[in-house]
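J.: Please find one structure pasted underneath; my questions will follow.
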Amino acid sequence: MSSKAHSSNNIANARRTVQQLRIEASIERIKVSKACADLMSYCSEHARSDPLLMGIPASDNPFKDKKPCTIL
Amino acid sequence: VQRSPLIPEMATQEVQLNETLAHLKTESETLKSKLEEERAKLHDVELHQVAEKVEGLGQFVMKTRRTLKGHGNKVLCMDWCKDKRRIVSSSQDGKVIVWDAFTTNKEHAVTMPCTWVMACAYAPSGCAVACGGLDNKCSVYPLSLDKNENLAAKKKSVAMHTNYLSACSFTNSDMQILTSSGDGTCALWDVESGQLLQSFHGHAADVLCLDLAPSETGNTFVSGGCDKKANVWDMRSGQCIQSFETHESDINSVRYYPSGDAFASGSDDATCRLYDLRADREVAIYSKESIIFGVSSVDFSLSGRLLFGGYNDYTINVWDVLKGTRVSILFGHENRVSTLRVSPDGTAFSTGSWDHTLRVCDDCYFFIGIKYNQNLCTFNFTPCAPDKPPLSLTATHLPKYSNLKKHIYRST
């Protein structure tokens with residue numbers, strides 16, 4: 001590649017990077033505290049219906065054996 | 001003699017080009033600093049600090065319920081069917097198998113023309129599977145009800161990349177597939193025609209993983225790559241709208257938080273991280289000094305409270321997403337865990353490993369204290385963990401009552 005074409009390539013890449021950064025810099029952001037509060041409220045709203053979190057009765061879980069407990 | 005007037009002209013042009021390049025580079029640096037500044041302004045607290053008032057989870061015990069044996073080599077990828085019982089898995093030996101996870105029976109098997117089938121996905125209808133790998137393609141196989149039919153005969157070649165296929169996913173219908181590749185790009189394809197609908201350029205190296213945003217949150221997806229970046233893309237325009245670069249090595253897995261407002265990533269740097277999309281930054285890191293092997297795959301439980309990670313040290317670590325602590329560790333695989341997905345109804349999770357097997361696991365938990373209810377003829381167990389529901393069982397489900405008092409019980 002001639003050095004002129006090489007430079008144009010570099011310029012095209014640099015222009016793309018600048019355009020991309022402009023887009024990323026311009027987005028609207030919210031505070032981390034607000035974002036985290038929302039994540040937490042989603043968790044608590046849906047906790048009751050999360051089987052891996054709460055556990056479900058053996059009869060409702062097709063993967064569990066019928067005999068539901070062992071003594072340790 | 002005729003050349004000399006041209007040389008000064010070219011030299012001037014080259015100087016001009018170099019000035020523009022330098023100018024663009026400066027602007028680039030300025031924008032990057034501005035981006036960091038803007039993000040830092042809103043960084044008023046860490047997630048685990050906000051979550052201090054949330055009740056802790058205690059420890060979980062995870063148990064393997066099913067082991068799926070049949071692959072002749074490393075399992076590389078798996079996906080659940082929406083019916084919550086079927087699983088498709090793909091392997092290094094070129095085989096793609098569809099299993100009934102309840103019975104462990106194999107329902108379909110296809111041999112691909114290539115080895116290292118690194119990607120597979122179930123169609124939303126449950127009527128087809130997609131897969132690909134070193135063949136640089138993504139192919140769709142309609143699943144026949146006739147067990148004798150040769151699935152390979154109906155194979156449809158959909159995607160064509162210029163390097164290996166690392167991941168694939170149907171969108172919310174059987175009509176479109178999203179792919180990621182070692183060629184550094186992602187692409188959206190029409191299944192029927194094989195036409196390229198949109199391509200996504202921006203990663204500087206192999207793209208290793210992708211995940212579609214939950215359908216309620218619109219047309220975006222996230223991808224992770226060997227360039228240590230996680231990029232969020234607008235599916236319609238092909239534009240990269242957000243980019244995160246805090247991992248110290250390849251990102252092997254990305255998964256959206258169930259609300260669509262955040263996503264988790266797993267990396268060769270042995271950490272999982274949580275990025276919030278509206279705060280536009282990393283908000284949590286899940287790591288321990290004792291964990292030094294890479295994370296191959298991550299997925300959330302239904303509520304988003306638990307994050308499951310499959311690791312190259314053969315274990316699965318389960319994290320409390322809010323508090324940042326580990327709540328469980330599961331052993332069982334005899335080689336790297338390469339793929340992990342929670343089932344569509346959240347009752348179990350499945351893992352695939354280089355030990356040639358897949359496992360389906362869920363949690364069991366401990367009880368303490370037992371009371372007999374004479375009216376209902378049931379035994380009532382109080383769970384150890386305060387957030388677990390109590391268990392009530394009739395005598396037919398129990399060993400002799402006299403042995404049970406004052407013991408700690410584990411639900412099977």
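Going through the structure tokens in order, the chains are called A, B, and so on, while each chain numbers its residues from 1 and the ligands are numbered from 1 in the order shown.
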Find the residues around Ile23 in chain A up to 10 Å (only C-alpha atoms counted), leave out those fewer than 2 positions away in its own chain, and share them as a list of chain:residue names.
T.: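 My list of contacting residues is A:Thr17, A:Val18, A:Gln19, A:Gln20, A:Leu21, A:Ala25, A:Ser26, A:Ile27, B:Gln239, B:Cys240, B:Ile241, B:Gln242.
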J.: Would you save the residues from that selection as a PDB file, in the first residue's frame, using N, CA, C and O atoms?
T.:
ATOM      1  N   THR A  17     -13.456   6.221  15.038  1.00  0.00           N
ATOM      2  CA  THR A  17     -13.273   6.186  16.495  1.00  0.00           C
ATOM      3  C   THR A  17     -13.837   7.444  17.128  1.00  0.00           C
ATOM      4  O   THR A  17     -14.546   7.371  18.138  1.00  0.00           O
ATOM      5  N   VAL A  18     -13.532   8.594  16.528  1.00  0.00           N
ATOM      6  CA  VAL A  18     -14.026   9.862  17.072  1.00  0.00           C
ATOM      7  C   VAL A  18     -15.551   9.899  17.044  1.00  0.00           C
ATOM      8  O   VAL A  18     -16.187  10.279  18.018  1.00  0.00           O
ATOM      9  N   GLN A  19     -16.134   9.466  15.912  1.00  0.00           N
ATOM     10  CA  GLN A  19     -17.603   9.457  15.801  1.00  0.00           C
ATOM     11  C   GLN A  19     -18.213   8.547  16.854  1.00  0.00           C
ATOM     12  O   GLN A  19     -19.207   8.890  17.488  1.00  0.00           O
ATOM     13  N   GLN A  20     -17.615   7.366  17.043  1.00  0.00           N
ATOM     14  CA  GLN A  20     -18.106   6.408  18.026  1.00  0.00           C
ATOM     15  C   GLN A  20     -18.037   7.004  19.431  1.00  0.00           C
ATOM     16  O   GLN A  20     -18.991   6.917  20.199  1.00  0.00           O
ATOM     17  N   LEU A  21     -16.908   7.628  19.747  1.00  0.00           N
ATOM     18  CA  LEU A  21     -16.747   8.229  21.073  1.00  0.00           C
ATOM     19  C   LEU A  21     -17.742   9.359  21.300  1.00  0.00           C
ATOM     20  O   LEU A  21     -18.260   9.532  22.395  1.00  0.00           O
ATOM     21  N   ALA A  25     -20.229   9.361  24.380  1.00  0.00           N
ATOM     22  CA  ALA A  25     -20.128  10.437  25.362  1.00  0.00           C
ATOM     23  C   ALA A  25     -21.467  11.153  25.541  1.00  0.00           C
ATOM     24  O   ALA A  25     -21.736  11.715  26.599  1.00  0.00           O
ATOM     25  N   SER A  26     -22.318  11.118  24.504  1.00  0.00           N
ATOM     26  CA  SER A  26     -23.531  11.940  24.536  1.00  0.00           C
ATOM     27  C   SER A  26     -24.733  11.252  25.176  1.00  0.00           C
ATOM     28  O   SER A  26     -25.790  11.847  25.273  1.00  0.00           O
ATOM     29  N   ILE A  27     -24.615   9.980  25.598  1.00  0.00           N
ATOM     30  CA  ILE A  27     -25.808   9.323  26.135  1.00  0.00           C
ATOM     31  C   ILE A  27     -26.175   9.869  27.517  1.00  0.00           C
ATOM     32  O   ILE A  27     -25.334  10.384  28.227  1.00  0.00           O
TER      33      ILE A  27
ATOM     34  N   GLN B 239     -25.431   0.204  14.990  1.00  0.00           N
ATOM     35  CA  GLN B 239     -24.576   1.107  15.754  1.00  0.00           C
ATOM     36  C   GLN B 239     -24.228   0.533  17.122  1.00  0.00           C
ATOM     37  O   GLN B 239     -25.088  -0.032  17.794  1.00  0.00           O
ATOM     38  N   CYS B 240     -22.973   0.729  17.538  1.00  0.00           N
ATOM     39  CA  CYS B 240     -22.583   0.389  18.900  1.00  0.00           C
ATOM     40  C   CYS B 240     -22.974   1.572  19.767  1.00  0.00           C
ATOM     41  O   CYS B 240     -22.524   2.693  19.526  1.00  0.00           O
ATOM     42  N   ILE B 241     -23.857   1.373  20.743  1.00  0.00           N
ATOM     43  CA  ILE B 241     -24.345   2.504  21.529  1.00  0.00           C
ATOM     44  C   ILE B 241     -23.647   2.667  22.885  1.00  0.00           C
ATOM     45  O   ILE B 241     -23.621   3.752  23.443  1.00  0.00           O
ATOM     46  N   GLN B 242     -23.085   1.583  23.420  1.00  0.00           N
ATOM     47  CA  GLN B 242     -22.325   1.695  24.661  1.00  0.00           C
ATOM     48  C   GLN B 242     -21.200   0.680  24.614  1.00  0.00           C
ATOM     49  O   GLN B 242     -21.356  -0.385  24.011  1.00  0.00           O
TER      50      GLN B 242
END
J.: So which residues touch range 107-121 of chain B within 6 Å, counting only C-alpha atoms, skipping near sequence neighbours fewer than 3 positions away, as a ChimeraX atom specification?
T.: /B:76-77,79,90-99,129-135,166-169
J.: Pick out the closest residue to Thr220 in chain B from this set: B:Leu151, B:Leu277, B:Ala205, B:Leu196. Count only C-alpha atoms.
T.: B:Leu277
J.: Neighbouring residues of Arg15 in chain A were defined as those with any atom within 12 Å, considering only C-alpha atoms; residues of the same chain fewer than 2 positions away were excluded. Please report them as a compact mmCIF listing (two decimals) with N, CA and C atoms, in the first residue's frame.
T.:
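The resulting file, out15.txt, is reproduced below:
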# COMPACT_ATOMS: atom_id res chain seq x y z
N SER A 8 -4.68 7.49 4.56
CA SER A 8 -6.14 7.68 4.43
C SER A 8 -6.88 6.63 5.24
N ASN A 9 -6.35 5.43 5.23
CA ASN A 9 -6.94 4.35 6.00
C ASN A 9 -6.93 4.67 7.48
N ASN A 10 -5.77 5.13 7.95
CA ASN A 10 -5.63 5.51 9.35
C ASN A 10 -6.60 6.62 9.70
N ILE A 11 -6.76 7.57 8.75
CA ILE A 11 -7.66 8.70 9.00
C ILE A 11 -9.10 8.20 9.07
N ALA A 12 -9.46 7.30 8.15
CA ALA A 12 -10.83 6.76 8.16
C ALA A 12 -11.10 6.07 9.50
N ASN A 13 -10.13 5.28 9.98
CA ASN A 13 -10.28 4.61 11.27
C ASN A 13 -10.39 5.61 12.41
N THR A 17 -13.46 6.22 15.04
CA THR A 17 -13.27 6.19 16.50
C THR A 17 -13.84 7.44 17.13
N VAL A 18 -13.53 8.59 16.53
CA VAL A 18 -14.03 9.86 17.07
C VAL A 18 -15.55 9.90 17.04
N GLN A 19 -16.13 9.47 15.91
CA GLN A 19 -17.60 9.46 15.80
C GLN A 19 -18.21 8.55 16.85
N GLN A 20 -17.62 7.37 17.04
CA GLN A 20 -18.11 6.41 18.03
C GLN A 20 -18.04 7.00 19.43
N LEU A 21 -16.91 7.63 19.75
CA LEU A 21 -16.75 8.23 21.07
C LEU A 21 -17.74 9.36 21.30
N ARG A 22 -18.03 10.11 20.24
CA ARG A 22 -19.02 11.20 20.37
C ARG A 22 -20.38 10.63 20.76
N THR B 20 -4.17 16.10 9.95
CA THR B 20 -5.54 15.68 10.23
C THR B 20 -5.55 14.50 11.18
N LEU B 21 -4.65 13.54 10.95
CA LEU B 21 -4.58 12.36 11.78
C LEU B 21 -4.26 12.74 13.22
N ALA B 22 -3.28 13.62 13.39
CA ALA B 22 -2.90 14.04 14.73
C ALA B 22 -4.07 14.76 15.41
N HIS B 23 -4.76 15.58 14.62
CA HIS B 23 -5.91 16.32 15.13
C HIS B 23 -7.01 15.37 15.62
N LEU B 24 -7.25 14.33 14.78
CA LEU B 24 -8.29 13.35 15.14
C LEU B 24 -7.89 12.58 16.40
N LYS B 25 -6.61 12.25 16.51
CA LYS B 25 -6.14 11.50 17.67
C LYS B 25 -6.30 12.32 18.95
N THR B 26 -6.01 13.62 18.84
CA THR B 26 -6.17 14.48 20.00
C THR B 26 -7.63 14.54 20.41
N GLU B 27 -8.50 14.69 19.41
CA GLU B 27 -9.94 14.76 19.70
C GLU B 27 -10.39 13.46 20.36
N SER B 28 -9.86 12.35 19.87
CA SER B 28 -10.16 11.03 20.41
C SER B 28 -9.81 10.96 21.89
J.: DSSP on the backbone, then: every residue of range 62-173 of chain B marked strand (DSSP E or B), written as number ranges by chain.
T.: B: 62-68, 75-80, 86-91, 95-100, 105-111, 119-122, 128-132, 137-142, 156-160, 165-170
J.: Contacts of range 346-354 of chain B at 7 Å or less, counting only C-alpha atoms, minus same-chain residues fewer than 2 places along, as a ChimeraX atom specification?
T.: /A:50-52 /B:74-78,301-302,333,335-344,356-362
J.: Please save N, CA and C atoms of the selected residues as a PDB file, in the first residue's frame.
T.:
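New file selection-v3.pdb:
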ATOM      1  N   ASP A  50     -38.739 -16.956  42.336  1.00  0.00           N
ATOM      2  CA  ASP A  50     -37.441 -17.450  41.850  1.00  0.00           C
ATOM      3  C   ASP A  50     -37.171 -18.798  42.510  1.00  0.00           C
ATOM      4  N   PRO A  51     -37.407 -19.910  41.782  1.00  0.00           N
ATOM      5  CA  PRO A  51     -37.283 -21.238  42.397  1.00  0.00           C
ATOM      6  C   PRO A  51     -35.888 -21.552  42.930  1.00  0.00           C
ATOM      7  N   LEU A  52     -34.841 -21.078  42.245  1.00  0.00           N
ATOM      8  CA  LEU A  52     -33.488 -21.403  42.705  1.00  0.00           C
ATOM      9  C   LEU A  52     -33.153 -20.618  43.970  1.00  0.00           C
TER      10      LEU A  52
ATOM     11  N   LYS B  74     -15.415 -33.075  24.303  1.00  0.00           N
ATOM     12  CA  LYS B  74     -15.760 -31.883  25.097  1.00  0.00           C
ATOM     13  C   LYS B  74     -17.107 -31.293  24.670  1.00  0.00           C
ATOM     14  N   VAL B  75     -17.957 -31.031  25.665  1.00  0.00           N
ATOM     15  CA  VAL B  75     -19.184 -30.297  25.394  1.00  0.00           C
ATOM     16  C   VAL B  75     -18.816 -28.819  25.375  1.00  0.00           C
ATOM     17  N   LEU B  76     -19.218 -28.102  24.313  1.00  0.00           N
ATOM     18  CA  LEU B  76     -18.805 -26.706  24.154  1.00  0.00           C
ATOM     19  C   LEU B  76     -19.930 -25.710  24.395  1.00  0.00           C
ATOM     20  N   CYS B  77     -21.161 -26.144  24.114  1.00  0.00           N
ATOM     21  CA  CYS B  77     -22.274 -25.198  24.209  1.00  0.00           C
ATOM     22  C   CYS B  77     -23.561 -25.941  24.496  1.00  0.00           C
ATOM     23  N   MET B  78     -24.518 -25.272  25.134  1.00  0.00           N
ATOM     24  CA  MET B  78     -25.839 -25.861  25.307  1.00  0.00           C
ATOM     25  C   MET B  78     -26.890 -24.759  25.384  1.00  0.00           C
ATOM     26  N   SER B 301     -30.330 -16.201  37.980  1.00  0.00           N
ATOM     27  CA  SER B 301     -31.571 -16.856  38.371  1.00  0.00           C
ATOM     28  C   SER B 301     -32.713 -15.918  37.964  1.00  0.00           C
ATOM     29  N   LEU B 302     -33.963 -16.374  38.061  1.00  0.00           N
ATOM     30  CA  LEU B 302     -35.112 -15.597  37.545  1.00  0.00           C
ATOM     31  C   LEU B 302     -35.243 -14.185  38.096  1.00  0.00           C
ATOM     32  N   HIS B 333     -18.082 -31.706  38.025  1.00  0.00           N
ATOM     33  CA  HIS B 333     -17.495 -31.947  36.701  1.00  0.00           C
ATOM     34  C   HIS B 333     -16.014 -32.320  36.862  1.00  0.00           C
ATOM     35  N   ASN B 335     -13.759 -31.796  34.465  1.00  0.00           N
ATOM     36  CA  ASN B 335     -12.937 -30.940  33.617  1.00  0.00           C
ATOM     37  C   ASN B 335     -13.628 -29.580  33.548  1.00  0.00           C
ATOM     38  N   ARG B 336     -13.065 -28.656  32.773  1.00  0.00           N
ATOM     39  CA  ARG B 336     -13.640 -27.308  32.641  1.00  0.00           C
ATOM     40  C   ARG B 336     -15.138 -27.310  32.426  1.00  0.00           C
ATOM     41  N   VAL B 337     -15.804 -26.371  33.067  1.00  0.00           N
ATOM     42  CA  VAL B 337     -17.192 -26.094  32.747  1.00  0.00           C
ATOM     43  C   VAL B 337     -17.152 -25.116  31.583  1.00  0.00           C
ATOM     44  N   SER B 338     -17.767 -25.476  30.462  1.00  0.00           N
ATOM     45  CA  SER B 338     -17.650 -24.632  29.266  1.00  0.00           C
ATOM     46  C   SER B 338     -18.911 -23.842  28.973  1.00  0.00           C
ATOM     47  N   THR B 339     -20.050 -24.282  29.524  1.00  0.00           N
ATOM     48  CA  THR B 339     -21.305 -23.627  29.181  1.00  0.00           C
ATOM     49  C   THR B 339     -22.294 -23.804  30.331  1.00  0.00           C
ATOM     50  N   LEU B 340     -23.149 -22.815  30.566  1.00  0.00           N
ATOM     51  CA  LEU B 340     -24.073 -22.860  31.696  1.00  0.00           C
ATOM     52  C   LEU B 340     -25.315 -22.035  31.352  1.00  0.00           C
ATOM     53  N   ARG B 341     -26.513 -22.615  31.557  1.00  0.00           N
ATOM     54  CA  ARG B 341     -27.738 -21.848  31.335  1.00  0.00           C
ATOM     55  C   ARG B 341     -28.771 -22.230  32.381  1.00  0.00           C
ATOM     56  N   VAL B 342     -29.480 -21.229  32.884  1.00  0.00           N
ATOM     57  CA  VAL B 342     -30.606 -21.462  33.789  1.00  0.00           C
ATOM     58  C   VAL B 342     -31.813 -21.830  32.928  1.00  0.00           C
ATOM     59  N   SER B 343     -32.646 -22.753  33.404  1.00  0.00           N
ATOM     60  CA  SER B 343     -33.802 -23.184  32.611  1.00  0.00           C
ATOM     61  C   SER B 343     -34.815 -22.041  32.481  1.00  0.00           C
ATOM     62  N   PRO B 344     -35.669 -22.077  31.450  1.00  0.00           N
ATOM     63  CA  PRO B 344     -36.589 -20.965  31.194  1.00  0.00           C
ATOM     64  C   PRO B 344     -37.540 -20.650  32.359  1.00  0.00           C
ATOM     65  N   HIS B 356     -17.102 -34.218  28.822  1.00  0.00           N
ATOM     66  CA  HIS B 356     -18.034 -34.859  27.882  1.00  0.00           C
ATOM     67  C   HIS B 356     -19.480 -34.935  28.387  1.00  0.00           C
ATOM     68  N   THR B 357     -19.748 -34.473  29.611  1.00  0.00           N
ATOM     69  CA  THR B 357     -21.112 -34.599  30.130  1.00  0.00           C
ATOM     70  C   THR B 357     -21.794 -33.251  30.303  1.00  0.00           C
ATOM     71  N   LEU B 358     -23.126 -33.355  30.473  1.00  0.00           N
ATOM     72  CA  LEU B 358     -23.912 -32.193  30.888  1.00  0.00           C
ATOM     73  C   LEU B 358     -24.568 -32.566  32.215  1.00  0.00           C
ATOM     74  N   ARG B 359     -24.790 -31.592  33.064  1.00  0.00           N
ATOM     75  CA  ARG B 359     -25.460 -31.849  34.327  1.00  0.00           C
ATOM     76  C   ARG B 359     -26.602 -30.869  34.496  1.00  0.00           C
ATOM     77  N   VAL B 360     -27.681 -31.347  35.140  1.00  0.00           N
ATOM     78  CA  VAL B 360     -28.789 -30.461  35.481  1.00  0.00           C
ATOM     79  C   VAL B 360     -28.808 -30.384  36.995  1.00  0.00           C
ATOM     80  N   CYS B 361     -28.766 -29.174  37.538  1.00  0.00           N
ATOM     81  CA  CYS B 361     -28.629 -28.983  38.993  1.00  0.00           C
ATOM     82  C   CYS B 361     -29.677 -28.019  39.515  1.00  0.00           C
ATOM     83  N   ASP B 362     -29.949 -28.161  40.812  1.00  0.00           N
ATOM     84  CA  ASP B 362     -30.728 -27.129  41.491  1.00  0.00           C
ATOM     85  C   ASP B 362     -30.258 -27.080  42.942  1.00  0.00           C
TER      86      ASP B 362
END
J.: Write out as a ChimeraX atom specification which residues come within 6 Å of range 45-62 of chain B when counting only C-alpha atoms, dropping same-chain ones fewer than 3 positions away.
T.: /A:33,36 /B:283,322-323,327-328,362-364
